[in-house]
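Below is the file input.cif, which contains mmCIF, C-alpha atoms and all ligand atoms.
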```cif
data_start
loop_
_atom_site.label_atom_id
_atom_site.label_comp_id
_atom_site.auth_asym_id
_atom_site.auth_seq_id
_atom_site.Cartn_x
_atom_site.Cartn_y
_atom_site.Cartn_z
CA MET G 1 85.64 -6.42 28.90
CA SER G 2 81.87 -6.74 29.33
CA LEU G 3 79.65 -4.05 27.88
CA ASP G 4 79.11 -2.71 31.41
CA GLY G 5 82.84 -2.36 32.01
CA PHE G 6 83.89 -5.46 33.96
CA VAL G 7 86.90 -7.70 33.27
CA THR G 8 85.64 -10.35 35.69
CA GLY G 9 82.22 -11.47 36.80
CA PRO G 10 81.29 -11.54 40.50
CA ASP G 11 83.60 -13.22 43.03
CA PRO G 12 86.86 -13.93 41.16
CA ARG G 13 88.76 -16.57 43.14
CA GLU G 14 91.15 -19.49 42.89
CA GLY G 15 89.76 -21.96 40.37
CA GLN G 16 87.58 -19.25 38.85
CA PRO G 17 89.90 -16.28 38.17
CA LEU G 18 87.39 -14.53 35.92
CA GLY G 19 84.55 -14.86 38.45
CA GLU G 20 81.01 -16.12 37.87
CA GLY G 21 80.28 -16.03 34.14
CA GLY G 22 83.54 -14.23 33.36
CA GLU G 23 84.85 -16.98 31.04
CA ARG G 24 82.42 -15.51 28.50
CA LEU G 25 84.87 -12.62 28.08
CA HIS G 26 87.58 -14.88 26.63
CA GLU G 27 85.37 -17.08 24.50
CA TRP G 28 86.20 -15.10 21.34
CA MET G 29 89.83 -16.22 21.57
CA PHE G 30 89.12 -19.91 21.65
CA SER G 31 85.65 -20.51 20.26
CA GLU G 32 82.72 -18.89 18.58
CA ARG G 33 78.95 -19.10 18.78
CA ALA G 34 77.21 -19.99 15.55
CA THR G 35 74.16 -18.04 16.75
CA PRO G 36 74.03 -15.31 19.43
CA GLY G 37 73.15 -17.00 22.73
CA GLY G 38 73.75 -20.43 21.18
CA PRO G 39 76.30 -22.93 22.48
CA PRO G 40 80.00 -22.08 22.00
CA GLU G 41 81.88 -24.20 19.47
CA HIS G 42 85.30 -24.86 20.94
CA GLY G 43 88.62 -24.81 19.11
CA GLN G 44 91.00 -22.12 17.92
CA ALA G 45 89.16 -18.96 16.94
CA ALA G 46 88.87 -18.55 13.19
CA GLY G 47 88.54 -15.47 10.99
CA ALA G 48 88.94 -11.97 12.42
CA ASN G 49 89.04 -13.21 16.03
CA GLY G 50 91.87 -15.61 15.21
CA GLU G 51 93.79 -12.80 13.51
CA VAL G 52 93.37 -10.47 16.51
CA ALA G 53 94.47 -13.21 18.94
CA ARG G 54 97.50 -14.14 16.81
CA GLU G 55 98.53 -10.48 16.50
CA LEU G 56 98.25 -10.02 20.27
CA PHE G 57 100.56 -12.97 20.87
CA ALA G 58 103.01 -12.00 18.12
CA THR G 59 103.40 -8.36 19.24
CA THR G 60 103.71 -8.97 22.99
CA GLY G 61 107.35 -8.92 24.06
CA ALA G 62 106.86 -8.74 27.84
CA VAL G 63 103.97 -8.78 30.30
CA LEU G 64 103.34 -6.71 33.44
CA MET G 65 100.88 -8.01 36.02
CA GLY G 66 100.04 -7.75 39.71
CA ARG G 67 100.44 -10.47 42.28
CA ARG G 68 96.71 -11.34 42.35
CA MET G 69 96.70 -12.08 38.63
CA PHE G 70 99.78 -14.26 39.09
CA ASP G 71 98.30 -16.13 42.06
CA LEU G 72 95.00 -16.81 40.28
CA GLY G 73 96.46 -17.42 36.84
CA VAL G 74 99.58 -19.49 37.21
CA GLY G 75 97.68 -22.71 37.98
CA PRO G 76 95.25 -22.61 35.04
CA TRP G 77 97.92 -21.28 32.63
CA GLY G 78 100.49 -23.91 33.63
CA ASP G 79 102.99 -21.51 32.02
CA THR G 80 103.34 -17.80 31.32
CA PRO G 81 100.13 -16.38 29.80
CA PHE G 82 102.05 -15.21 26.71
CA PRO G 83 105.33 -16.69 25.43
CA ALA G 84 107.29 -13.81 26.92
CA PRO G 85 109.01 -12.71 30.14
CA CYS G 86 106.50 -11.68 32.83
CA PHE G 87 107.07 -9.10 35.56
CA VAL G 88 104.89 -9.39 38.66
CA LEU G 89 104.42 -6.37 40.92
CA THR G 90 104.18 -7.25 44.61
CA HIS G 91 105.32 -6.10 48.04
CA GLN G 92 106.35 -9.69 48.95
CA PRO G 93 109.76 -10.82 47.61
CA HIS G 94 109.60 -14.07 45.62
CA GLU G 95 112.22 -16.01 43.70
CA ASP G 96 112.12 -16.02 39.90
CA LEU G 97 109.92 -18.75 38.46
CA VAL G 98 111.21 -20.20 35.20
CA MET G 99 108.52 -21.64 32.91
CA ALA G 100 108.60 -22.97 29.35
CA GLY G 101 107.23 -19.74 27.83
CA GLY G 102 109.33 -17.32 29.89
CA THR G 103 110.30 -16.35 33.42
CA PHE G 104 108.11 -14.74 36.09
CA THR G 105 110.22 -12.07 37.82
CA PHE G 106 108.81 -10.51 41.00
CA ILE G 107 109.39 -6.76 41.38
CA THR G 108 109.08 -5.13 44.81
CA THR G 109 110.50 -1.74 43.87
CA GLY G 110 107.48 -0.19 42.21
CA LEU G 111 105.72 0.42 38.92
CA THR G 112 108.37 2.36 37.01
CA THR G 113 111.10 -0.16 37.84
CA ALA G 114 108.82 -2.97 36.67
CA LEU G 115 108.00 -1.09 33.48
CA ASP G 116 111.67 -0.36 32.76
CA ARG G 117 112.58 -4.03 33.27
CA ALA G 118 109.70 -5.14 31.04
CA LYS G 119 110.62 -2.67 28.28
CA ALA G 120 114.23 -3.83 28.34
CA ALA G 121 113.11 -7.46 28.09
CA ALA G 122 110.53 -6.87 25.36
CA GLY G 123 113.07 -6.61 22.52
CA GLY G 124 111.25 -3.75 20.83
CA LYS G 125 107.84 -5.42 21.01
CA ASN G 126 104.94 -4.25 23.19
CA VAL G 127 104.75 -4.45 26.97
CA LEU G 128 101.25 -5.73 27.75
CA ALA G 129 99.62 -4.62 31.01
CA HIS G 130 97.72 -7.75 31.99
CA SER G 131 96.06 -6.81 35.31
CA PRO G 132 93.35 -4.15 35.40
CA GLY G 133 95.01 -2.66 38.47
CA ILE G 134 98.36 -2.32 36.69
CA ALA G 135 96.71 -0.86 33.57
CA GLN G 136 94.98 1.70 35.80
CA GLN G 137 98.26 2.70 37.47
CA LEU G 138 99.97 3.10 34.10
CA LEU G 139 97.04 5.11 32.76
CA ARG G 140 97.07 7.44 35.78
CA ALA G 141 100.83 7.90 35.47
CA GLY G 142 100.56 8.75 31.76
CA LEU G 143 102.63 5.70 30.83
CA LEU G 144 100.18 3.90 28.53
CA ASP G 145 100.59 4.30 24.76
CA GLU G 146 97.58 2.32 23.64
CA ILE G 147 94.40 0.70 24.92
CA GLN G 148 93.07 -2.41 23.19
CA LEU G 149 89.58 -3.40 24.28
CA HIS G 150 87.81 -6.62 23.34
CA LEU G 151 84.23 -5.60 24.11
CA VAL G 152 81.86 -8.52 24.67
CA PRO G 153 78.10 -7.91 24.49
CA VAL G 154 77.30 -9.32 27.91
CA LEU G 155 76.30 -7.53 31.13
CA LEU G 156 78.09 -8.95 34.20
CA GLY G 157 76.65 -6.51 36.74
CA THR G 158 79.56 -6.61 39.17
CA GLY G 159 83.18 -7.76 39.38
CA ARG G 160 86.54 -6.08 38.67
CA ARG G 161 86.17 -2.87 36.70
CA LEU G 162 88.77 -1.98 34.07
CA PHE G 163 88.57 1.78 34.54
CA ASP G 164 88.03 2.21 38.31
CA HIS G 165 89.82 5.25 39.70
CA ALA G 166 91.83 5.59 36.50
CA VAL G 167 90.09 8.40 34.78
CA GLN G 168 91.41 11.88 34.20
CA ALA G 169 88.15 13.66 33.45
CA GLY G 170 87.99 14.96 29.90
CA ARG G 171 91.02 13.04 28.63
CA GLU G 172 90.67 12.41 24.89
CA LEU G 173 91.84 9.23 23.17
CA GLU G 174 92.47 8.79 19.46
CA PRO G 175 90.48 5.90 17.95
CA THR G 176 92.85 3.89 15.74
CA GLY G 177 90.89 0.78 14.84
CA VAL G 178 87.66 -1.16 15.17
CA ILE G 179 86.98 -4.74 14.08
CA GLU G 180 83.48 -6.14 14.40
CA ALA G 181 83.87 -9.90 14.81
CA PRO G 182 81.65 -12.77 15.95
CA GLY G 183 80.77 -12.26 19.64
CA VAL G 184 83.12 -9.32 20.25
CA THR G 185 84.10 -5.86 19.02
CA HIS G 186 87.86 -5.17 19.00
CA LEU G 187 88.67 -1.51 19.69
CA ARG G 188 92.00 0.29 19.68
CA TYR G 189 92.83 3.75 21.01
CA ARG G 190 96.07 5.72 21.13
CA LEU G 191 96.77 7.89 24.16
CA PRO G 192 98.48 11.10 23.11
CA ARG G 193 101.28 12.00 25.56
N1 LIG Y 1 89.08 -10.17 31.45
C1 LIG Y 1 90.39 -10.22 31.27
O1 LIG Y 1 90.85 -10.37 30.13
C2 LIG Y 1 91.33 -10.14 32.45
C3 LIG Y 1 92.68 -9.91 32.18
C4 LIG Y 1 93.55 -9.83 33.25
C5 LIG Y 1 93.09 -9.96 34.54
N2 LIG Y 1 91.79 -10.18 34.79
C6 LIG Y 1 91.32 -10.37 36.18
O2 LIG Y 1 91.79 -9.31 37.00
C7 LIG Y 1 92.03 -9.77 38.33
C8 LIG Y 1 93.45 -9.44 38.77
O3 LIG Y 1 93.75 -8.08 38.59
P1 LIG Y 1 93.68 -6.99 39.78
O4 LIG Y 1 93.88 -5.66 39.16
O5 LIG Y 1 92.46 -7.25 40.59
O6 LIG Y 1 94.92 -7.36 40.72
P2 LIG Y 1 96.49 -7.38 40.38
O7 LIG Y 1 96.91 -6.05 39.88
O8 LIG Y 1 96.78 -8.56 39.52
O9 LIG Y 1 97.12 -7.68 41.82
C9 LIG Y 1 97.07 -6.75 42.88
C10 LIG Y 1 98.32 -6.95 43.70
O10 LIG Y 1 99.48 -6.64 42.91
C11 LIG Y 1 100.47 -6.03 43.72
N3 LIG Y 1 100.71 -4.67 43.23
C12 LIG Y 1 99.93 -3.95 42.39
N4 LIG Y 1 100.50 -2.76 42.15
C13 LIG Y 1 101.67 -2.72 42.85
C14 LIG Y 1 102.71 -1.76 42.97
N5 LIG Y 1 102.67 -0.58 42.32
N6 LIG Y 1 103.77 -2.07 43.77
C15 LIG Y 1 103.83 -3.27 44.40
N7 LIG Y 1 102.87 -4.21 44.31
C16 LIG Y 1 101.80 -3.94 43.54
C17 LIG Y 1 99.96 -6.08 45.13
O11 LIG Y 1 100.39 -7.37 45.59
P3 LIG Y 1 100.91 -7.69 47.10
O12 LIG Y 1 99.63 -7.71 47.88
O13 LIG Y 1 101.57 -9.03 46.96
O14 LIG Y 1 101.84 -6.61 47.48
C18 LIG Y 1 98.45 -6.07 44.94
O15 LIG Y 1 97.75 -6.60 46.04
C19 LIG Y 1 91.83 -11.28 38.29
O16 LIG Y 1 90.58 -11.62 38.83
C20 LIG Y 1 91.90 -11.61 36.80
O17 LIG Y 1 91.19 -12.78 36.45
C21 LIG Y 1 90.88 -10.26 33.76
#
```
Go through the file and emit its structure as structure tokens.
Ligand SMILES: NC(=O)c1ccc[n+]([C@@H]2O[C@H](COP(=O)([O-])OP(=O)(O)OC[C@H]3O[C@@H](n4cnc5c(N)ncnc54)[C@H](OP(=O)(O)O)[C@@H]3O)[C@@H](O)[C@H]2O)c1
Amino acid sequence: MSLDGFVTGPDPREGQPLGEGGERLHEWMFSERATPGGPPEHGQAAGANGEVARELFATTGAVLMGRRMFDLGVGPWGDTPFPAPCFVLTHQPHEDLVMAGGTFTFITTGLTTALDRAKAAAGGKNVLAHSPGIAQQLLRAGLLDEIQLHLVPVLLGTGRRLFDHAVQAGRELEPTGVIEAPGVTHLRYRLPR
């Protein structure tokens, strides 16, 4: 997420799912800048960023996303975004899509059905809410256990907000971890039920 709260830059679209400038938000996973504002050095992230990325992949047992994320992502990913079964919420029925990393299953019967299917498929690991819209629905419904933020010191100005319409005013979260790493601050919060 950008420092001003966006998970995409302006105008996310096919071919540019993270919008104008939004790729900056994922740079920490794949590359690092030797100097702030300097050119990114591509490759697998090293150090603390590499550890956070590896942990995210190792602990994700299933993924929940909305249809827009699927439509924009499936081309660039060429597979599932994590090596795990993925459940796509939509109102339009769609056949299962089997990929090397897992199967995309399309759920038309609502959030709790999708979450139950994802939990059952996750084998005791985490269910990761991939779309901001799905994370917001889970947060509103009191169904999120944890929020992990990867806060990037860039201002995007507009785009898709992570916390739109999701807030219960005054709700307290328990901070459970912070890692200051090159180009990003990794933050974890537990949501008491
Ligand atoms: N910065 C990051 O790390 C990051 C991570 C993930 C995503 N993103 C960005 O976030 C954007 C996508 O997320 P989004 O929140 O805008 O959209 P989304 O949640 O992926 O998709 C919205 C669609 O999902 C379906 N849907 C959602 N909730 C539903 C429900 N309860 N029941 C049935 N269908 C439901 C509907 O599809 P139908 O219209 O088919 O019914 C709805 O139009 C992309 O631009 C992506 O690049 C950024």
I'd like the interatomic distance between atom CA of G:Ala84 and atom CA of G:Asp164, to a tenth of an Å.
27.5 Å
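Here atom CA of G:Ala58 and atom CA of G:Lys125 stand 8.7 Å from one another.
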Could you make a table, as JSON lines, of the residues of stretch 97-181 of chain G that have an atom within 8 Å of an atom of stretch 6-30 of chain G, each with its nearest atom pair and distance in Å to one decimal, counting only C-alpha atoms, in chain and number order?
```
{"residue": "G:Pro132", "atom": "CA", "partner": "G:Val7", "partner_atom": "CA", "distance": 7.7}
{"residue": "G:Val152", "atom": "CA", "partner": "G:Leu25", "partner_atom": "CA", "distance": 6.1}
{"residue": "G:Leu156", "atom": "CA", "partner": "G:Gly9", "partner_atom": "CA", "distance": 5.5}
{"residue": "G:Gly157", "atom": "CA", "partner": "G:Gly9", "partner_atom": "CA", "distance": 7.5}
{"residue": "G:Thr158", "atom": "CA", "partner": "G:Pro10", "partner_atom": "CA", "distance": 5.4}
{"residue": "G:Gly159", "atom": "CA", "partner": "G:Pro10", "partner_atom": "CA", "distance": 4.4}
{"residue": "G:Arg160", "atom": "CA", "partner": "G:Thr8", "partner_atom": "CA", "distance": 5.3}
{"residue": "G:Arg161", "atom": "CA", "partner": "G:Phe6", "partner_atom": "CA", "distance": 4.4}
{"residue": "G:Leu162", "atom": "CA", "partner": "G:Phe6", "partner_atom": "CA", "distance": 6.0}
```
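The interatomic distance for the pair atom CA of G:Val98 and atom O5 of ligand LIG 1 (chain Y) works out to 23.4 Å.
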Got a sec to check which residues lie within 6 Å of ligand LIG 1 (chain Y), using only C-alpha atoms and all ligand atoms, and send them as a PyMOL selection string?
chain G and resi 1+7-8+12+17-18+25+65-69+89-92+108+110-111+130-134
Go through G:Val178, G:Leu191, G:Leu155, G:Ala46 and flag the residue nearest G:Gly5, using only C-alpha atoms for the distances.
G:Leu155
Counting all atoms listed in the file, the residue of G:Leu139, G:Glu146, G:Val88, G:Asn126 that sits nearest G:Val74
G:Val88
In the coordinate frame of the file, compute which residues have an atom within 12 Å of (100.2, -8.2, 17.4) when using all atoms listed in the file, and state them as an NGL selection string.
:G and (50-61 or 82 or 125-128 or 148)
Using C-alpha atoms, can you export the residues from the last selection as a PDB file, in the frame of the given file?
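Listing of again31.pdb after writing:
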```pdb
ATOM      1  CA  GLY G  50      91.870 -15.610  15.210  1.00  0.00           C
ATOM      2  CA  GLU G  51      93.790 -12.800  13.510  1.00  0.00           C
ATOM      3  CA  VAL G  52      93.370 -10.470  16.510  1.00  0.00           C
ATOM      4  CA  ALA G  53      94.470 -13.210  18.940  1.00  0.00           C
ATOM      5  CA  ARG G  54      97.500 -14.140  16.810  1.00  0.00           C
ATOM      6  CA  GLU G  55      98.530 -10.480  16.500  1.00  0.00           C
ATOM      7  CA  LEU G  56      98.250 -10.020  20.270  1.00  0.00           C
ATOM      8  CA  PHE G  57     100.560 -12.970  20.870  1.00  0.00           C
ATOM      9  CA  ALA G  58     103.010 -12.000  18.120  1.00  0.00           C
ATOM     10  CA  THR G  59     103.400  -8.360  19.240  1.00  0.00           C
ATOM     11  CA  THR G  60     103.710  -8.970  22.990  1.00  0.00           C
ATOM     12  CA  GLY G  61     107.350  -8.920  24.060  1.00  0.00           C
ATOM     13  CA  PHE G  82     102.050 -15.210  26.710  1.00  0.00           C
ATOM     14  CA  LYS G 125     107.840  -5.420  21.010  1.00  0.00           C
ATOM     15  CA  ASN G 126     104.940  -4.250  23.190  1.00  0.00           C
ATOM     16  CA  VAL G 127     104.750  -4.450  26.970  1.00  0.00           C
ATOM     17  CA  LEU G 128     101.250  -5.730  27.750  1.00  0.00           C
ATOM     18  CA  GLN G 148      93.070  -2.410  23.190  1.00  0.00           C
TER      19      GLN G 148
END
```
Considering only C-alpha atoms, tabulate each residue of stretch 37-116 of chain G that lies at most 12 Å from stretch 121-124 of chain G along with its nearest interatomic pair and the corresponding distance in Å to one decimal; arrange the rows by chain and ascending residue number and present them as JSON lines.
```
{"residue": "G:Ala58", "atom": "CA", "partner": "G:Ala122", "partner_atom": "CA", "distance": 11.6}
{"residue": "G:Thr59", "atom": "CA", "partner": "G:Gly124", "partner_atom": "CA", "distance": 9.2}
{"residue": "G:Thr60", "atom": "CA", "partner": "G:Ala122", "partner_atom": "CA", "distance": 7.5}
{"residue": "G:Gly61", "atom": "CA", "partner": "G:Ala122", "partner_atom": "CA", "distance": 4.0}
{"residue": "G:Ala62", "atom": "CA", "partner": "G:Ala122", "partner_atom": "CA", "distance": 4.8}
{"residue": "G:Val63", "atom": "CA", "partner": "G:Ala122", "partner_atom": "CA", "distance": 8.4}
{"residue": "G:Leu64", "atom": "CA", "partner": "G:Ala122", "partner_atom": "CA", "distance": 10.8}
{"residue": "G:Phe82", "atom": "CA", "partner": "G:Ala122", "partner_atom": "CA", "distance": 12.0}
{"residue": "G:Pro83", "atom": "CA", "partner": "G:Ala122", "partner_atom": "CA", "distance": 11.1}
{"residue": "G:Ala84", "atom": "CA", "partner": "G:Ala122", "partner_atom": "CA", "distance": 7.8}
{"residue": "G:Pro85", "atom": "CA", "partner": "G:Ala121", "partner_atom": "CA", "distance": 7.0}
{"residue": "G:Cys86", "atom": "CA", "partner": "G:Ala121", "partner_atom": "CA", "distance": 9.2}
{"residue": "G:Phe87", "atom": "CA", "partner": "G:Ala121", "partner_atom": "CA", "distance": 9.7}
{"residue": "G:Gly102", "atom": "CA", "partner": "G:Ala121", "partner_atom": "CA", "distance": 10.7}
{"residue": "G:Thr103", "atom": "CA", "partner": "G:Ala121", "partner_atom": "CA", "distance": 10.7}
{"residue": "G:Phe104", "atom": "CA", "partner": "G:Ala121", "partner_atom": "CA", "distance": 11.9}
{"residue": "G:Thr105", "atom": "CA", "partner": "G:Ala121", "partner_atom": "CA", "distance": 11.1}
{"residue": "G:Ala114", "atom": "CA", "partner": "G:Ala121", "partner_atom": "CA", "distance": 10.6}
{"residue": "G:Leu115", "atom": "CA", "partner": "G:Ala121", "partner_atom": "CA", "distance": 9.8}
{"residue": "G:Asp116", "atom": "CA", "partner": "G:Ala121", "partner_atom": "CA", "distance": 8.6}
```
So, counting only C-alpha atoms, which residue among G:Arg193, G:Ala129, G:Lys119, G:Thr112 is closest to G:Pro81?
G:Ala129
Considering all atoms listed in the file, can you say which of G:Leu149, G:Ala100, G:Ala169, G:Ala48 comes closest to G:Arg190?
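Selected residue with least distance to G:Arg190: G:Leu149.
With only C-alpha atoms as the atoms that count, the minimum distance from G:Gly183 to the choices G:Gly47, G:Pro153, G:Gly170, G:Gly75 is reached by G:Pro153.
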Using all atoms listed in the file, pick whichever of G:Asn49, G:Thr80, G:Gln168, G:Gln137 has the shortest atom-to-atom distance to G:Val184.
G:Asn49
Box centre and edge lengths (Å, one decimal), axis-aligned, stretch 71-87 of chain G plus 6 Å each side, as JSON:
```
{"center_x": 102.0, "center_y": -16.5, "center_z": 33.7, "size_x": 26.0, "size_y": 26.8, "size_z": 28.6}
```
Could you complete stretch 141-151 of chain G so that it carries all heavy atoms, and give it back as a PDB file, keeping the file's coordinate frame?
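Written output follows (selection_26.pdb):
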```pdb
ATOM      1  N   ALA G 141      99.481   7.331  35.517  1.00  0.00           N
ATOM      2  CA  ALA G 141     100.830   7.900  35.470  1.00  0.00           C
ATOM      3  C   ALA G 141     101.191   8.418  34.075  1.00  0.00           C
ATOM      4  O   ALA G 141     102.302   8.901  33.869  1.00  0.00           O
ATOM      5  CB  ALA G 141     101.840   6.834  35.911  1.00  0.00           C
ATOM      6  N   GLY G 142     100.274   8.283  33.115  1.00  0.00           N
ATOM      7  CA  GLY G 142     100.560   8.750  31.760  1.00  0.00           C
ATOM      8  C   GLY G 142     101.561   7.868  31.034  1.00  0.00           C
ATOM      9  O   GLY G 142     102.277   8.329  30.146  1.00  0.00           O
ATOM     10  N   LEU G 143     101.616   6.597  31.390  1.00  0.00           N
ATOM     11  CA  LEU G 143     102.630   5.700  30.830  1.00  0.00           C
ATOM     12  C   LEU G 143     102.060   4.683  29.838  1.00  0.00           C
ATOM     13  O   LEU G 143     102.776   3.790  29.403  1.00  0.00           O
ATOM     14  CB  LEU G 143     103.352   4.956  31.971  1.00  0.00           C
ATOM     15  CG  LEU G 143     104.189   5.847  32.891  1.00  0.00           C
ATOM     16  CD1 LEU G 143     104.651   5.086  34.130  1.00  0.00           C
ATOM     17  CD2 LEU G 143     105.396   6.395  32.134  1.00  0.00           C
ATOM     18  N   LEU G 144     100.769   4.801  29.521  1.00  0.00           N
ATOM     19  CA  LEU G 144     100.180   3.900  28.530  1.00  0.00           C
ATOM     20  C   LEU G 144     100.221   4.559  27.157  1.00  0.00           C
ATOM     21  O   LEU G 144      99.903   5.731  27.030  1.00  0.00           O
ATOM     22  CB  LEU G 144      98.711   3.593  28.847  1.00  0.00           C
ATOM     23  CG  LEU G 144      98.327   2.459  29.764  1.00  0.00           C
ATOM     24  CD1 LEU G 144      96.833   2.204  29.654  1.00  0.00           C
ATOM     25  CD2 LEU G 144      99.099   1.191  29.471  1.00  0.00           C
ATOM     26  N   ASP G 145     100.602   3.798  26.139  1.00  0.00           N
ATOM     27  CA  ASP G 145     100.590   4.300  24.760  1.00  0.00           C
ATOM     28  C   ASP G 145      99.303   3.958  24.047  1.00  0.00           C
ATOM     29  O   ASP G 145      98.871   4.681  23.153  1.00  0.00           O
ATOM     30  CB  ASP G 145     101.750   3.684  23.963  1.00  0.00           C
ATOM     31  CG  ASP G 145     103.087   4.070  24.537  1.00  0.00           C
ATOM     32  OD1 ASP G 145     103.273   5.268  24.823  1.00  0.00           O
ATOM     33  OD2 ASP G 145     103.939   3.170  24.715  1.00  0.00           O
ATOM     34  N   GLU G 146      98.724   2.803  24.402  1.00  0.00           N
ATOM     35  CA  GLU G 146      97.580   2.320  23.640  1.00  0.00           C
ATOM     36  C   GLU G 146      96.658   1.505  24.543  1.00  0.00           C
ATOM     37  O   GLU G 146      97.123   0.838  25.481  1.00  0.00           O
ATOM     38  CB  GLU G 146      98.084   1.415  22.491  1.00  0.00           C
ATOM     39  CG  GLU G 146      96.975   0.927  21.591  1.00  0.00           C
ATOM     40  CD  GLU G 146      97.447  -0.025  20.497  1.00  0.00           C
ATOM     41  OE1 GLU G 146      98.178  -0.985  20.801  1.00  0.00           O
ATOM     42  OE2 GLU G 146      97.071   0.196  19.342  1.00  0.00           O
ATOM     43  N   ILE G 147      95.368   1.587  24.269  1.00  0.00           N
ATOM     44  CA  ILE G 147      94.400   0.700  24.920  1.00  0.00           C
ATOM     45  C   ILE G 147      93.766  -0.167  23.844  1.00  0.00           C
ATOM     46  O   ILE G 147      93.296   0.355  22.826  1.00  0.00           O
ATOM     47  CB  ILE G 147      93.310   1.497  25.666  1.00  0.00           C
ATOM     48  CG1 ILE G 147      93.932   2.264  26.831  1.00  0.00           C
ATOM     49  CG2 ILE G 147      92.197   0.564  26.165  1.00  0.00           C
ATOM     50  CD1 ILE G 147      92.948   3.154  27.587  1.00  0.00           C
ATOM     51  N   GLN G 148      93.798  -1.473  24.063  1.00  0.00           N
ATOM     52  CA  GLN G 148      93.070  -2.410  23.190  1.00  0.00           C
ATOM     53  C   GLN G 148      91.960  -3.009  24.025  1.00  0.00           C
ATOM     54  O   GLN G 148      92.220  -3.618  25.069  1.00  0.00           O
ATOM     55  CB  GLN G 148      93.972  -3.532  22.701  1.00  0.00           C
ATOM     56  CG  GLN G 148      95.055  -3.079  21.742  1.00  0.00           C
ATOM     57  CD  GLN G 148      95.751  -4.262  21.070  1.00  0.00           C
ATOM     58  OE1 GLN G 148      95.179  -5.335  20.919  1.00  0.00           O
ATOM     59  NE2 GLN G 148      96.979  -4.041  20.663  1.00  0.00           N
ATOM     60  N   LEU G 149      90.733  -2.832  23.578  1.00  0.00           N
ATOM     61  CA  LEU G 149      89.580  -3.400  24.280  1.00  0.00           C
ATOM     62  C   LEU G 149      88.949  -4.477  23.413  1.00  0.00           C
ATOM     63  O   LEU G 149      88.828  -4.304  22.206  1.00  0.00           O
ATOM     64  CB  LEU G 149      88.516  -2.322  24.518  1.00  0.00           C
ATOM     65  CG  LEU G 149      88.807  -1.233  25.522  1.00  0.00           C
ATOM     66  CD1 LEU G 149      87.638  -0.250  25.553  1.00  0.00           C
ATOM     67  CD2 LEU G 149      89.027  -1.817  26.900  1.00  0.00           C
ATOM     68  N   HIS G 150      88.540  -5.563  24.038  1.00  0.00           N
ATOM     69  CA  HIS G 150      87.810  -6.620  23.340  1.00  0.00           C
ATOM     70  C   HIS G 150      86.438  -6.656  24.028  1.00  0.00           C
ATOM     71  O   HIS G 150      86.279  -7.265  25.091  1.00  0.00           O
ATOM     72  CB  HIS G 150      88.567  -7.949  23.449  1.00  0.00           C
ATOM     73  CG  HIS G 150      90.022  -7.780  23.111  1.00  0.00           C
ATOM     74  ND1 HIS G 150      90.458  -7.649  21.818  1.00  0.00           N
ATOM     75  CD2 HIS G 150      91.119  -7.638  23.899  1.00  0.00           C
ATOM     76  CE1 HIS G 150      91.771  -7.456  21.821  1.00  0.00           C
ATOM     77  NE2 HIS G 150      92.183  -7.445  23.070  1.00  0.00           N
ATOM     78  N   LEU G 151      85.509  -5.908  23.445  1.00  0.00           N
ATOM     79  CA  LEU G 151      84.230  -5.600  24.110  1.00  0.00           C
ATOM     80  C   LEU G 151      83.198  -6.676  23.790  1.00  0.00           C
ATOM     81  O   LEU G 151      82.832  -6.867  22.627  1.00  0.00           O
ATOM     82  CB  LEU G 151      83.751  -4.227  23.631  1.00  0.00           C
ATOM     83  CG  LEU G 151      82.617  -3.596  24.418  1.00  0.00           C
ATOM     84  CD1 LEU G 151      83.037  -3.296  25.848  1.00  0.00           C
ATOM     85  CD2 LEU G 151      82.180  -2.306  23.729  1.00  0.00           C
TER      86      LEU G 151
END
```
